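Below is protein09.cif, holding mmCIF, C-alpha atoms and all ligand atoms.
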data_start
#
loop_
_atom_site.label_atom_id
_atom_site.label_comp_id
_atom_site.auth_asym_id
_atom_site.auth_seq_id
_atom_site.Cartn_x
_atom_site.Cartn_y
_atom_site.Cartn_z
CA MET H 1 65.87 149.95 82.26
CA THR H 2 62.87 151.51 80.57
CA GLU H 3 62.65 153.54 77.37
CA GLN H 4 62.51 156.73 79.45
CA ASP H 5 65.93 155.97 80.95
CA PHE H 6 67.50 156.36 77.52
CA ILE H 7 66.35 159.96 77.02
CA LEU H 8 69.30 162.35 77.19
CA LYS H 9 68.05 165.24 79.35
CA THR H 10 70.86 167.80 79.39
CA TYR H 11 74.01 168.18 77.36
CA ASN H 12 76.81 170.64 76.72
CA SER H 13 75.71 172.71 73.75
CA ASN H 14 79.06 174.53 73.43
CA ILE H 15 80.81 171.70 71.60
CA LYS H 16 81.29 172.89 68.00
CA SER H 17 82.60 169.82 66.21
CA GLY H 18 84.29 166.46 66.51
CA SER H 19 84.62 163.07 64.92
CA VAL H 20 84.09 159.48 66.06
CA LYS H 21 84.75 156.14 64.38
CA TRP H 22 83.56 152.59 65.08
CA SER H 23 83.84 149.16 63.58
CA SER H 24 80.83 146.95 64.24
CA PRO H 25 80.25 143.33 63.21
CA SER H 26 77.40 141.40 61.71
CA ASN H 27 75.81 138.55 63.68
CA ILE H 28 74.20 135.21 62.90
CA ALA H 29 71.17 134.07 64.88
CA LEU H 30 71.04 130.54 66.31
CA VAL H 31 67.49 131.00 67.64
CA LYS H 32 65.83 133.31 65.11
CA TYR H 33 63.95 136.56 65.57
CA TRP H 34 61.01 136.53 63.18
CA GLY H 35 57.94 138.61 64.00
CA LYS H 36 57.73 141.90 65.86
CA LYS H 37 55.30 144.17 67.69
CA GLU H 38 55.12 147.97 67.50
CA ASN H 39 58.41 149.79 68.02
CA GLN H 40 60.67 146.95 67.02
CA ILE H 41 59.78 144.82 70.04
CA PRO H 42 60.42 141.16 69.18
CA GLU H 43 57.65 138.59 69.41
CA ASN H 44 60.15 136.00 70.64
CA PRO H 45 63.64 135.89 72.14
CA SER H 46 66.67 135.23 69.93
CA ILE H 47 70.35 134.49 70.46
CA SER H 48 73.22 135.01 68.05
CA PHE H 49 76.92 134.53 67.51
CA THR H 50 78.62 137.85 66.92
CA LEU H 51 80.87 137.60 63.85
CA SER H 52 84.47 138.70 63.70
CA ASP H 53 85.41 139.74 60.16
CA CYS H 54 82.13 140.78 58.51
CA LYS H 55 82.01 144.37 59.72
CA THR H 56 80.93 147.88 58.90
CA ILE H 57 83.35 150.72 59.60
CA THR H 58 81.68 154.08 60.11
CA GLU H 59 83.08 157.50 60.85
CA VAL H 60 80.81 160.40 61.77
CA ILE H 61 82.13 163.96 61.62
CA TYR H 62 79.78 166.39 63.35
CA THR H 63 79.66 170.17 63.05
CA LYS H 64 77.35 172.55 64.90
CA LYS H 65 74.74 174.23 62.67
CA LYS H 66 71.90 176.73 63.05
CA SER H 67 68.89 175.35 61.17
CA ASN H 68 66.49 173.06 63.02
CA ASP H 69 66.13 170.18 60.54
CA PHE H 70 68.13 166.96 60.31
CA SER H 71 71.17 167.54 58.16
CA PHE H 72 73.55 164.80 57.05
CA ASP H 73 75.30 163.23 54.06
CA VAL H 74 76.21 159.60 53.61
CA PHE H 75 79.37 158.45 51.81
CA PHE H 76 79.53 154.74 51.08
CA GLU H 77 82.96 153.40 50.17
CA GLY H 78 84.17 156.91 49.41
CA LYS H 79 81.25 157.95 47.20
CA LYS H 80 78.29 160.10 48.14
CA ASN H 81 75.28 157.79 48.44
CA GLU H 82 71.75 159.15 48.13
CA ALA H 83 70.13 155.70 48.32
CA PHE H 84 71.01 155.25 52.02
CA LYS H 85 69.62 158.64 53.07
CA PRO H 86 65.94 157.74 53.57
CA LYS H 87 66.89 154.88 55.92
CA ILE H 88 69.08 157.18 58.02
CA GLN H 89 66.40 159.90 57.97
CA THR H 90 63.83 157.39 59.34
CA PHE H 91 66.38 156.21 61.89
CA PHE H 92 67.01 159.81 63.09
CA GLU H 93 63.26 160.40 63.37
CA ARG H 94 62.85 157.25 65.48
CA ILE H 95 65.68 158.06 67.86
CA GLU H 96 65.52 161.82 68.20
CA THR H 97 63.51 161.64 71.46
CA TYR H 98 66.51 159.86 72.97
CA MET H 99 69.14 162.11 71.35
CA PRO H 100 67.81 165.67 71.30
CA PHE H 101 71.12 167.00 69.93
CA LEU H 102 70.53 165.39 66.51
CA ARG H 103 69.04 168.60 65.08
CA ASP H 104 71.93 170.75 66.36
CA TYR H 105 74.60 169.26 64.12
CA TYR H 106 75.42 168.46 60.51
CA PHE H 107 76.70 164.87 60.27
CA LYS H 108 79.06 163.61 57.58
CA ILE H 109 78.67 159.84 57.71
CA GLU H 110 81.40 157.82 56.00
CA THR H 111 80.81 154.12 55.92
CA SER H 112 82.24 150.97 54.32
CA ASN H 113 81.90 147.21 54.73
CA THR H 114 84.66 144.61 54.97
CA PHE H 115 82.48 142.20 53.00
CA PRO H 116 81.63 142.82 49.35
CA HIS H 117 78.67 145.05 48.61
CA SER H 118 75.63 143.19 47.24
CA SER H 119 77.03 139.88 48.43
CA GLY H 120 73.58 139.12 49.76
CA ILE H 121 74.91 139.42 53.32
CA ALA H 122 72.64 141.61 55.39
CA SER H 123 74.60 144.75 56.19
CA SER H 124 71.81 146.27 58.27
CA ALA H 125 73.01 144.66 61.53
CA SER H 126 76.61 145.87 61.22
CA GLY H 127 75.62 149.15 59.54
CA MET H 128 72.96 150.19 62.02
CA SER H 129 75.00 149.17 65.05
CA ALA H 130 78.04 151.08 63.74
CA ILE H 131 76.08 154.30 63.33
CA ALA H 132 74.35 153.84 66.70
CA LEU H 133 77.76 153.47 68.36
CA CYS H 134 79.07 156.61 66.62
CA LEU H 135 76.05 158.58 67.86
CA MET H 136 76.65 157.23 71.37
CA SER H 137 80.27 158.42 71.26
CA ILE H 138 79.01 161.86 70.20
CA GLU H 139 76.53 161.77 73.10
CA GLU H 140 79.47 160.94 75.37
CA ASP H 141 81.41 163.94 73.98
CA LEU H 142 78.46 166.18 74.89
CA ASP H 143 77.65 164.55 78.22
CA THR H 144 80.43 162.94 80.21
CA ASP H 145 78.15 161.68 82.98
CA HIS H 146 77.68 158.14 81.67
CA ILE H 147 77.47 155.19 84.01
CA ASP H 148 78.96 151.74 83.36
CA ASP H 149 76.56 149.64 81.28
CA TYR H 150 74.66 152.59 79.89
CA PHE H 151 76.80 153.11 76.78
CA ASN H 152 76.40 149.60 75.37
CA GLN H 153 72.78 149.29 76.43
CA LYS H 154 71.77 152.54 74.79
CA ALA H 155 73.88 151.79 71.67
CA SER H 156 72.03 148.48 71.36
CA PHE H 157 68.68 150.16 72.11
CA LEU H 158 69.27 152.68 69.28
CA ALA H 159 70.56 150.01 66.88
CA ARG H 160 67.36 148.04 67.51
CA LEU H 161 65.32 151.00 66.36
CA GLY H 162 67.36 151.01 63.12
CA SER H 163 67.08 147.27 62.47
CA GLY H 164 65.98 144.74 65.10
CA SER H 165 68.81 142.23 64.81
CA ALA H 166 71.39 145.08 64.86
CA CYS H 167 70.91 145.29 68.63
CA ARG H 168 72.76 141.96 68.89
CA SER H 169 75.93 143.34 67.21
CA ILE H 170 77.38 145.57 69.93
CA GLU H 171 78.98 142.90 72.08
CA GLY H 172 80.27 139.36 71.69
CA GLU H 173 80.47 136.45 71.65
CA LEU H 174 76.85 135.43 72.18
CA VAL H 175 74.05 137.95 72.60
CA VAL H 176 70.44 137.42 73.68
CA TRP H 177 67.61 139.77 72.77
CA GLY H 178 64.00 139.50 73.91
CA LYS H 179 62.51 138.78 77.32
CA ASN H 180 62.52 135.16 78.38
CA GLU H 181 62.71 133.06 81.50
CA SER H 182 65.99 131.27 80.95
CA THR H 183 68.48 134.12 80.50
CA GLU H 184 68.98 137.69 81.64
CA SER H 185 67.48 139.74 78.82
CA SER H 186 65.42 142.67 77.63
CA ASP H 187 63.06 143.44 74.75
CA LEU H 188 64.71 146.85 74.44
CA PHE H 189 68.33 145.90 73.80
CA GLY H 190 70.65 142.93 73.37
CA VAL H 191 72.42 141.52 76.42
CA LYS H 192 75.73 139.65 76.40
CA PHE H 193 75.00 135.99 77.17
CA GLU H 194 76.46 135.40 80.61
CA GLY H 195 75.72 131.67 80.87
CA GLU H 196 78.47 129.08 80.88
CA VAL H 197 80.03 128.34 77.48
CA HIS H 198 81.87 125.05 76.97
CA PRO H 199 85.30 125.19 75.22
CA ASN H 200 83.73 123.29 72.25
CA PHE H 201 82.07 126.56 71.27
CA LYS H 202 85.13 128.79 71.60
CA GLU H 203 86.21 130.36 68.31
CA TYR H 204 83.34 128.61 66.51
CA GLN H 205 83.65 128.97 62.74
CA ASP H 206 81.18 130.37 60.22
CA ALA H 207 81.82 129.96 56.49
CA ILE H 208 79.25 132.02 54.59
CA LEU H 209 78.46 130.48 51.22
CA LEU H 210 77.13 133.07 48.80
CA VAL H 211 74.51 131.24 46.81
CA ASP H 212 72.60 134.28 45.66
CA LYS H 213 74.08 137.76 45.75
CA GLY H 214 70.96 139.47 44.40
CA GLU H 215 68.55 141.78 46.17
CA LYS H 216 66.52 140.08 48.88
CA GLN H 217 63.24 138.73 47.50
CA VAL H 218 61.42 139.72 50.70
CA SER H 219 62.64 142.57 52.89
CA SER H 220 62.72 141.74 56.59
CA THR H 221 60.14 144.49 57.23
CA VAL H 222 57.70 142.64 54.98
CA GLY H 223 58.83 139.30 56.41
CA HIS H 224 58.14 140.20 60.04
CA LYS H 225 54.67 141.42 59.06
CA LEU H 226 53.89 137.99 57.63
CA MET H 227 53.84 136.71 61.20
CA PHE H 228 50.72 138.81 61.95
CA GLY H 229 47.83 136.40 61.85
CA HIS H 230 50.13 133.57 60.74
CA PRO H 231 48.40 130.25 61.54
CA PHE H 232 51.49 128.87 63.32
CA ALA H 233 52.72 132.08 64.97
CA LYS H 234 51.77 131.28 68.55
CA GLU H 235 53.39 127.85 68.43
CA ARG H 236 56.51 129.28 66.77
CA PHE H 237 56.99 132.01 69.39
CA SER H 238 56.69 129.52 72.22
CA GLN H 239 59.07 127.11 70.44
CA ALA H 240 61.71 129.89 70.33
CA HIS H 241 61.48 130.23 74.14
CA ASN H 242 61.98 126.46 74.53
CA ASN H 243 64.85 126.34 72.04
CA LEU H 244 66.64 129.17 73.83
CA ALA H 245 66.31 127.38 77.17
CA GLU H 246 67.63 124.16 75.60
CA LEU H 247 70.45 125.96 73.85
CA LYS H 248 71.54 127.51 77.12
CA ALA H 249 72.01 124.04 78.61
CA ILE H 250 73.76 122.83 75.44
CA LEU H 251 76.19 125.76 75.45
CA ALA H 252 77.15 124.81 79.00
CA SER H 253 77.46 121.05 78.42
CA GLY H 254 79.25 121.30 75.05
CA ASP H 255 76.85 118.80 73.45
CA LEU H 256 77.62 119.49 69.78
CA LYS H 257 75.10 116.96 68.42
CA ALA H 258 72.28 118.66 70.31
CA PHE H 259 73.54 122.08 69.15
CA VAL H 260 73.35 120.97 65.50
CA LYS H 261 69.74 119.83 65.93
CA ILE H 262 68.50 123.09 67.43
CA VAL H 263 70.40 125.33 65.02
CA GLU H 264 69.29 123.53 61.84
CA SER H 265 65.73 123.19 63.07
CA GLU H 266 65.61 126.94 63.79
CA ALA H 267 66.83 127.75 60.26
CA LEU H 268 64.30 125.45 58.62
CA THR H 269 61.50 126.72 60.88
CA LEU H 270 62.26 130.31 59.83
CA HIS H 271 61.91 129.26 56.19
CA ALA H 272 58.86 127.14 56.97
CA MET H 273 57.19 130.24 58.44
CA MET H 274 57.78 132.02 55.14
CA MET H 275 56.51 129.11 53.10
CA THR H 276 53.31 128.92 55.18
CA SER H 277 52.46 132.62 55.37
CA MET H 278 50.06 134.47 53.09
CA PRO H 279 51.53 135.53 50.71
CA TYR H 280 54.05 132.66 50.78
CA PHE H 281 57.68 132.65 49.70
CA ILE H 282 60.45 130.16 49.04
CA LEU H 283 63.70 131.94 49.79
CA MET H 284 65.99 128.96 49.28
CA LYS H 285 67.45 128.35 45.83
CA PRO H 286 68.20 124.91 44.34
CA ASN H 287 71.86 125.36 45.35
CA THR H 288 70.83 126.04 48.97
CA LEU H 289 69.29 122.58 49.07
CA GLU H 290 72.26 121.00 47.29
CA ILE H 291 74.54 122.44 49.96
CA ILE H 292 72.30 121.28 52.82
CA ASN H 293 72.24 117.74 51.45
CA LYS H 294 76.02 117.73 51.00
CA ILE H 295 76.47 118.95 54.59
CA TRP H 296 74.23 116.17 55.88
CA ALA H 297 76.12 113.53 53.89
CA TYR H 298 79.51 114.85 55.03
CA ARG H 299 78.33 114.92 58.64
CA SER H 300 77.22 111.33 58.70
CA GLU H 301 80.21 110.00 56.72
CA ASN H 302 82.79 111.80 58.85
CA ASP H 303 81.10 111.87 62.25
CA SER H 304 81.45 115.63 61.96
CA ASN H 305 79.64 118.37 63.89
CA ILE H 306 79.25 120.65 60.89
CA CYS H 307 75.80 122.23 60.50
CA PHE H 308 74.07 125.00 58.58
CA THR H 309 71.92 127.96 59.38
CA LEU H 310 70.11 130.42 57.11
CA ASP H 311 68.96 134.03 57.23
CA ALA H 312 65.92 135.19 55.33
CA GLY H 313 67.61 134.37 52.03
CA ALA H 314 69.39 131.69 50.01
CA ASN H 315 72.92 132.00 51.41
CA VAL H 316 74.14 129.30 53.76
CA HIS H 317 76.10 129.85 56.97
CA VAL H 318 78.16 126.74 57.63
CA LEU H 319 78.94 126.45 61.34
CA PHE H 320 81.57 124.13 62.81
CA PRO H 321 83.95 123.81 65.77
CA LYS H 322 87.48 125.17 65.40
CA ALA H 323 88.85 121.65 65.85
CA GLU H 324 87.33 120.71 62.45
CA LYS H 325 88.52 123.80 60.60
CA GLU H 326 91.07 122.21 58.27
CA GLN H 327 88.92 119.27 57.17
CA VAL H 328 85.76 121.36 56.74
CA TYR H 329 87.50 123.94 54.57
CA GLU H 330 88.85 121.11 52.41
CA PHE H 331 85.27 119.83 52.06
CA ILE H 332 83.96 123.32 51.27
CA LYS H 333 86.60 123.82 48.58
CA SER H 334 86.15 120.43 46.99
CA GLU H 335 82.37 120.03 47.23
CA LEU H 336 80.48 123.21 48.12
CA VAL H 337 82.21 126.02 46.25
CA ALA H 338 80.63 124.74 43.03
CA TYR H 339 77.21 125.82 44.37
CA CYS H 340 78.32 129.37 45.28
CA GLN H 341 77.78 132.25 42.89
CA ASN H 342 81.15 132.85 41.19
CA GLY H 343 82.65 130.39 43.71
CA HIS H 344 82.37 133.05 46.37
CA TYR H 345 82.38 132.37 50.12
CA ILE H 346 83.55 134.22 53.24
CA CYS H 347 85.50 132.66 56.12
CA ASP H 348 84.50 134.08 59.49
CA SER H 349 84.32 133.05 63.13
CA ILE H 350 82.81 134.23 66.40
CA GLY H 351 83.92 137.70 67.45
CA LYS H 352 84.03 139.85 70.50
CA GLY H 353 81.89 142.75 69.36
CA ALA H 354 82.27 146.33 68.15
CA LYS H 355 85.43 148.42 68.59
CA ARG H 356 86.04 152.14 68.75
CA LEU H 357 88.74 153.09 66.24
O1 LIG H 401 66.88 142.78 61.82
P1 LIG H 401 65.90 142.42 60.78
O2 LIG H 401 64.59 143.15 60.91
O3 LIG H 401 66.51 142.57 59.40
O4 LIG H 401 65.50 140.86 60.94
C1 LIG H 401 66.41 139.83 60.68
C2 LIG H 401 65.82 138.52 61.03
C3 LIG H 401 66.67 137.29 60.72
O5 LIG H 401 67.96 137.64 60.24
C4 LIG H 401 65.99 136.44 59.66
C5 LIG H 401 66.82 136.43 61.97
C6 LIG H 401 67.67 137.01 63.06
O6 LIG H 401 67.32 136.78 64.24
O7 LIG H 401 68.69 137.67 62.78
#
What would the structure in this file look like if it were written as structure tokens?
Ligand code: PMV
Amino acid sequence: MTEQDFILKTYNSNIKSGSVKWSSPSNIALVKYWGKKENQIPENPSISFTLSDCKTITEVIYTKKKSNDFSFDVFFEGKKNEAFKPKIQTFFERIETYMPFLRDYYFKIETSNTFPHSSGIASSASGMSAIALCLMSIEEDLDTDHIDDYFNQKASFLARLGSGSACRSIEGELVVWGKNESTESSDLFGVKFEGEVHPNFKEYQDAILLVDKGEKQVSSTVGHKLMFGHPFAKERFSQAHNNLAELKAILASGDLKAFVKIVESEALTLHAMMMTSMPYFILMKPNTLEIINKIWAYRSENDSNICFTLDAGANVHVLFPKAEKEQVYEFIKSELVAYCQNGHYICDSIGKGAKRL
């Protein structure tokens, strides 16, 4: 598939109105995407677990109009939201080549998240994938000629243009994005990981500990740019290729100890890149470190396979096999909740991807 293949060439312009609705999840990267080229092309491959309960639900009602500009309104959790409009406007501008009908309709976009607003959880992956899927269903209403994989590939392709990691939220349970030698993949869209997955990784759990619910200190747009001219960039990008290849073998063998090593090292490397860029940032908070140390102590005392990963922020994703669910939640409640803002955490697990509602 090339970019040209995603351009919609003809469509039925007699359709006056309709509505579509999707629920789309967030995802958590195991091998991290950090650094991009022009056009949201990643500098290195990444792989993520699709989440199950952290989702955005978006409905788009479309009505034919005459004027030739983009026309839309965004309602977030029932209230008209002006703050989201510039992001959607930019998104429409980026994708209009591929969806020439965007100027023909007025779109009423109603969106809400299952996780609390300003929880510090990135909503761009679930939000951008949900809107991309709605636009794809509209495209399908106007053009019924779609072939098998096209829908998901183009939805992911569009989501990527909204926010890179959003392209990994269309399908489950593991999704790879970015060309590499060990898995089937593309730079243009996320691809469901088709390698073997050992039962140890089935229904893997993710408890998201909300250490800092504030605005992100560094936006990911700024963050990715820090990899330009970064002294360790080349080494980091090649490390991501190696880690993905190793992870593929680990997913097949079920080696949980090896999984823990790669996942934690990836999280710390992401933060190390931010600490060693110019300008430099520390995105962890004291409580992030407290939690990491507690996780390490618990792991060695209980011969557990619990581990952590981090996004570009202070919150901690605690990952563990389903078999350890009861004990780990006891540990979280007794020892980790104290480090969460207002004692707040979210219980999630691996999911199967977006759903049309
Ligand atoms: O999708 P973006 O541009 O917000 O980048 C997100 C990057 C990380 O969350 C830090 C890592 C990843 O691969 O999801």
Handout entry: Neighbourhood of ligand LIG 401 (chain H) at 9 Å, counting only C-alpha atoms and all ligand atoms, reported as number ranges by chain
Key = H: 27-36, 40, 45-48, 122-125, 160, 162-168, 219-221, 223-224, 267, 270-271, 310-313
From the list H:Asn152, H:Arg236, H:Lys248, H:Glu139, the nearest residue to Ser182 of chain H using all atoms listed in the file is H:Lys248
Across H:Leu8, H:Val20, H:Ile332, H:Ala155, the smallest distance to Tyr98 of chain H, with only C-alpha atoms counted, is shown by H:Leu8
request  = Quick one: everything within 12 Å of Asn14 of chain H, counting all atoms listed in the file, minus sequence neighbours fewer than 4 positions away in the same chain. Send it as a list of chain:residue names.
outcome  = H:Gly18, H:Thr63, H:Lys64, H:Lys65, H:Phe101, H:Asp104, H:Tyr105, H:Asp141, H:Leu142, H:Asp143
A straight line from atom CA of Val191 of chain H to atom CA of Leu247 of chain H spans 15.9 Å
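When only C-alpha atoms are used to measure the gap to Asn242 of chain H, the shortest distance among H:Asn44, H:Tyr150, H:Phe72, H:Val337 belongs to H:Asn44.
What separates atom CA of Ile7 of chain H from atom CA of Met99 of chain H is a distance of 6.7 Å.
Nearest residue to Ile131 of chain H among H:Asp149, H:Glu59, H:Glu43, H:Glu38 is H:Glu59, counting all atoms listed in the file.
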List the spatial neighbours of Ile208 of chain H as an MDAnalysis selection string - criterion: any atom at most 9 Å away, only C-alpha atoms, same-chain residues fewer than 4 positions off excluded.
chainID H and resid 121 315:319 344:348
**OP:** List every protein, DNA or RNA residue with an atom no more than 12 Å from (74.9, 169.6, 62.4) in the file's coordinates, counting all atoms listed in the file, and format the result as an MDAnalysis selection string.
**Re:** chainID H and resid 13 15:19 60:73 101:109 138
N, CA, C and O atoms modelled onto segment 19-34 of chain H, as a PDB file, keeping the file's coordinate frame:
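And here is the file that came out, out26.pdb:
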ATOM      1  N   SER H  19      84.837 164.233  65.773  1.00  0.00           N
ATOM      2  CA  SER H  19      84.620 163.070  64.920  1.00  0.00           C
ATOM      3  C   SER H  19      84.792 161.782  65.736  1.00  0.00           C
ATOM      4  O   SER H  19      85.544 161.762  66.717  1.00  0.00           O
ATOM      5  N   VAL H  20      84.062 160.764  65.356  1.00  0.00           N
ATOM      6  CA  VAL H  20      84.090 159.480  66.060  1.00  0.00           C
ATOM      7  C   VAL H  20      84.081 158.367  65.016  1.00  0.00           C
ATOM      8  O   VAL H  20      83.571 158.561  63.910  1.00  0.00           O
ATOM      9  N   LYS H  21      84.658 157.234  65.360  1.00  0.00           N
ATOM     10  CA  LYS H  21      84.750 156.140  64.380  1.00  0.00           C
ATOM     11  C   LYS H  21      84.605 154.795  65.083  1.00  0.00           C
ATOM     12  O   LYS H  21      85.242 154.571  66.113  1.00  0.00           O
ATOM     13  N   TRP H  22      83.797 153.918  64.516  1.00  0.00           N
ATOM     14  CA  TRP H  22      83.560 152.590  65.080  1.00  0.00           C
ATOM     15  C   TRP H  22      83.597 151.516  64.000  1.00  0.00           C
ATOM     16  O   TRP H  22      83.220 151.773  62.850  1.00  0.00           O
ATOM     17  N   SER H  23      83.997 150.335  64.434  1.00  0.00           N
ATOM     18  CA  SER H  23      83.840 149.160  63.580  1.00  0.00           C
ATOM     19  C   SER H  23      82.856 148.240  64.301  1.00  0.00           C
ATOM     20  O   SER H  23      82.998 147.993  65.503  1.00  0.00           O
ATOM     21  N   SER H  24      81.842 147.784  63.597  1.00  0.00           N
ATOM     22  CA  SER H  24      80.830 146.950  64.240  1.00  0.00           C
ATOM     23  C   SER H  24      80.503 145.736  63.367  1.00  0.00           C
ATOM     24  O   SER H  24      80.359 145.849  62.147  1.00  0.00           O
ATOM     25  N   PRO H  25      80.416 144.559  63.983  1.00  0.00           N
ATOM     26  CA  PRO H  25      80.250 143.330  63.210  1.00  0.00           C
ATOM     27  C   PRO H  25      78.803 142.975  62.873  1.00  0.00           C
ATOM     28  O   PRO H  25      77.857 143.511  63.455  1.00  0.00           O
ATOM     29  N   SER H  26      78.688 142.014  61.997  1.00  0.00           N
ATOM     30  CA  SER H  26      77.400 141.400  61.710  1.00  0.00           C
ATOM     31  C   SER H  26      77.175 140.292  62.763  1.00  0.00           C
ATOM     32  O   SER H  26      78.069 140.014  63.570  1.00  0.00           O
ATOM     33  N   ASN H  27      76.024 139.683  62.778  1.00  0.00           N
ATOM     34  CA  ASN H  27      75.810 138.550  63.680  1.00  0.00           C
ATOM     35  C   ASN H  27      74.951 137.511  62.988  1.00  0.00           C
ATOM     36  O   ASN H  27      74.267 137.822  62.006  1.00  0.00           O
ATOM     37  N   ILE H  28      75.032 136.278  63.475  1.00  0.00           N
ATOM     38  CA  ILE H  28      74.200 135.210  62.900  1.00  0.00           C
ATOM     39  C   ILE H  28      73.387 134.558  64.008  1.00  0.00           C
ATOM     40  O   ILE H  28      73.954 134.062  64.986  1.00  0.00           O
ATOM     41  N   ALA H  29      72.057 134.589  63.833  1.00  0.00           N
ATOM     42  CA  ALA H  29      71.170 134.070  64.880  1.00  0.00           C
ATOM     43  C   ALA H  29      71.175 132.554  64.905  1.00  0.00           C
ATOM     44  O   ALA H  29      71.176 131.898  63.853  1.00  0.00           O
ATOM     45  N   LEU H  30      71.171 131.995  66.114  1.00  0.00           N
ATOM     46  CA  LEU H  30      71.040 130.540  66.310  1.00  0.00           C
ATOM     47  C   LEU H  30      69.567 130.235  66.579  1.00  0.00           C
ATOM     48  O   LEU H  30      68.984 129.341  65.987  1.00  0.00           O
ATOM     49  N   VAL H  31      68.953 131.008  67.489  1.00  0.00           N
ATOM     50  CA  VAL H  31      67.490 131.000  67.640  1.00  0.00           C
ATOM     51  C   VAL H  31      67.031 132.304  66.977  1.00  0.00           C
ATOM     52  O   VAL H  31      67.508 133.388  67.320  1.00  0.00           O
ATOM     53  N   LYS H  32      66.131 132.189  66.011  1.00  0.00           N
ATOM     54  CA  LYS H  32      65.830 133.310  65.110  1.00  0.00           C
ATOM     55  C   LYS H  32      64.740 134.248  65.628  1.00  0.00           C
ATOM     56  O   LYS H  32      63.737 133.796  66.200  1.00  0.00           O
ATOM     57  N   TYR H  33      64.962 135.518  65.354  1.00  0.00           N
ATOM     58  CA  TYR H  33      63.950 136.560  65.570  1.00  0.00           C
ATOM     59  C   TYR H  33      63.129 136.653  64.285  1.00  0.00           C
ATOM     60  O   TYR H  33      63.685 136.919  63.221  1.00  0.00           O
ATOM     61  N   TRP H  34      61.857 136.406  64.373  1.00  0.00           N
ATOM     62  CA  TRP H  34      61.010 136.530  63.180  1.00  0.00           C
ATOM     63  C   TRP H  34      59.607 136.874  63.658  1.00  0.00           C
ATOM     64  O   TRP H  34      58.894 136.032  64.191  1.00  0.00           O
TER      65      TRP H  34
END
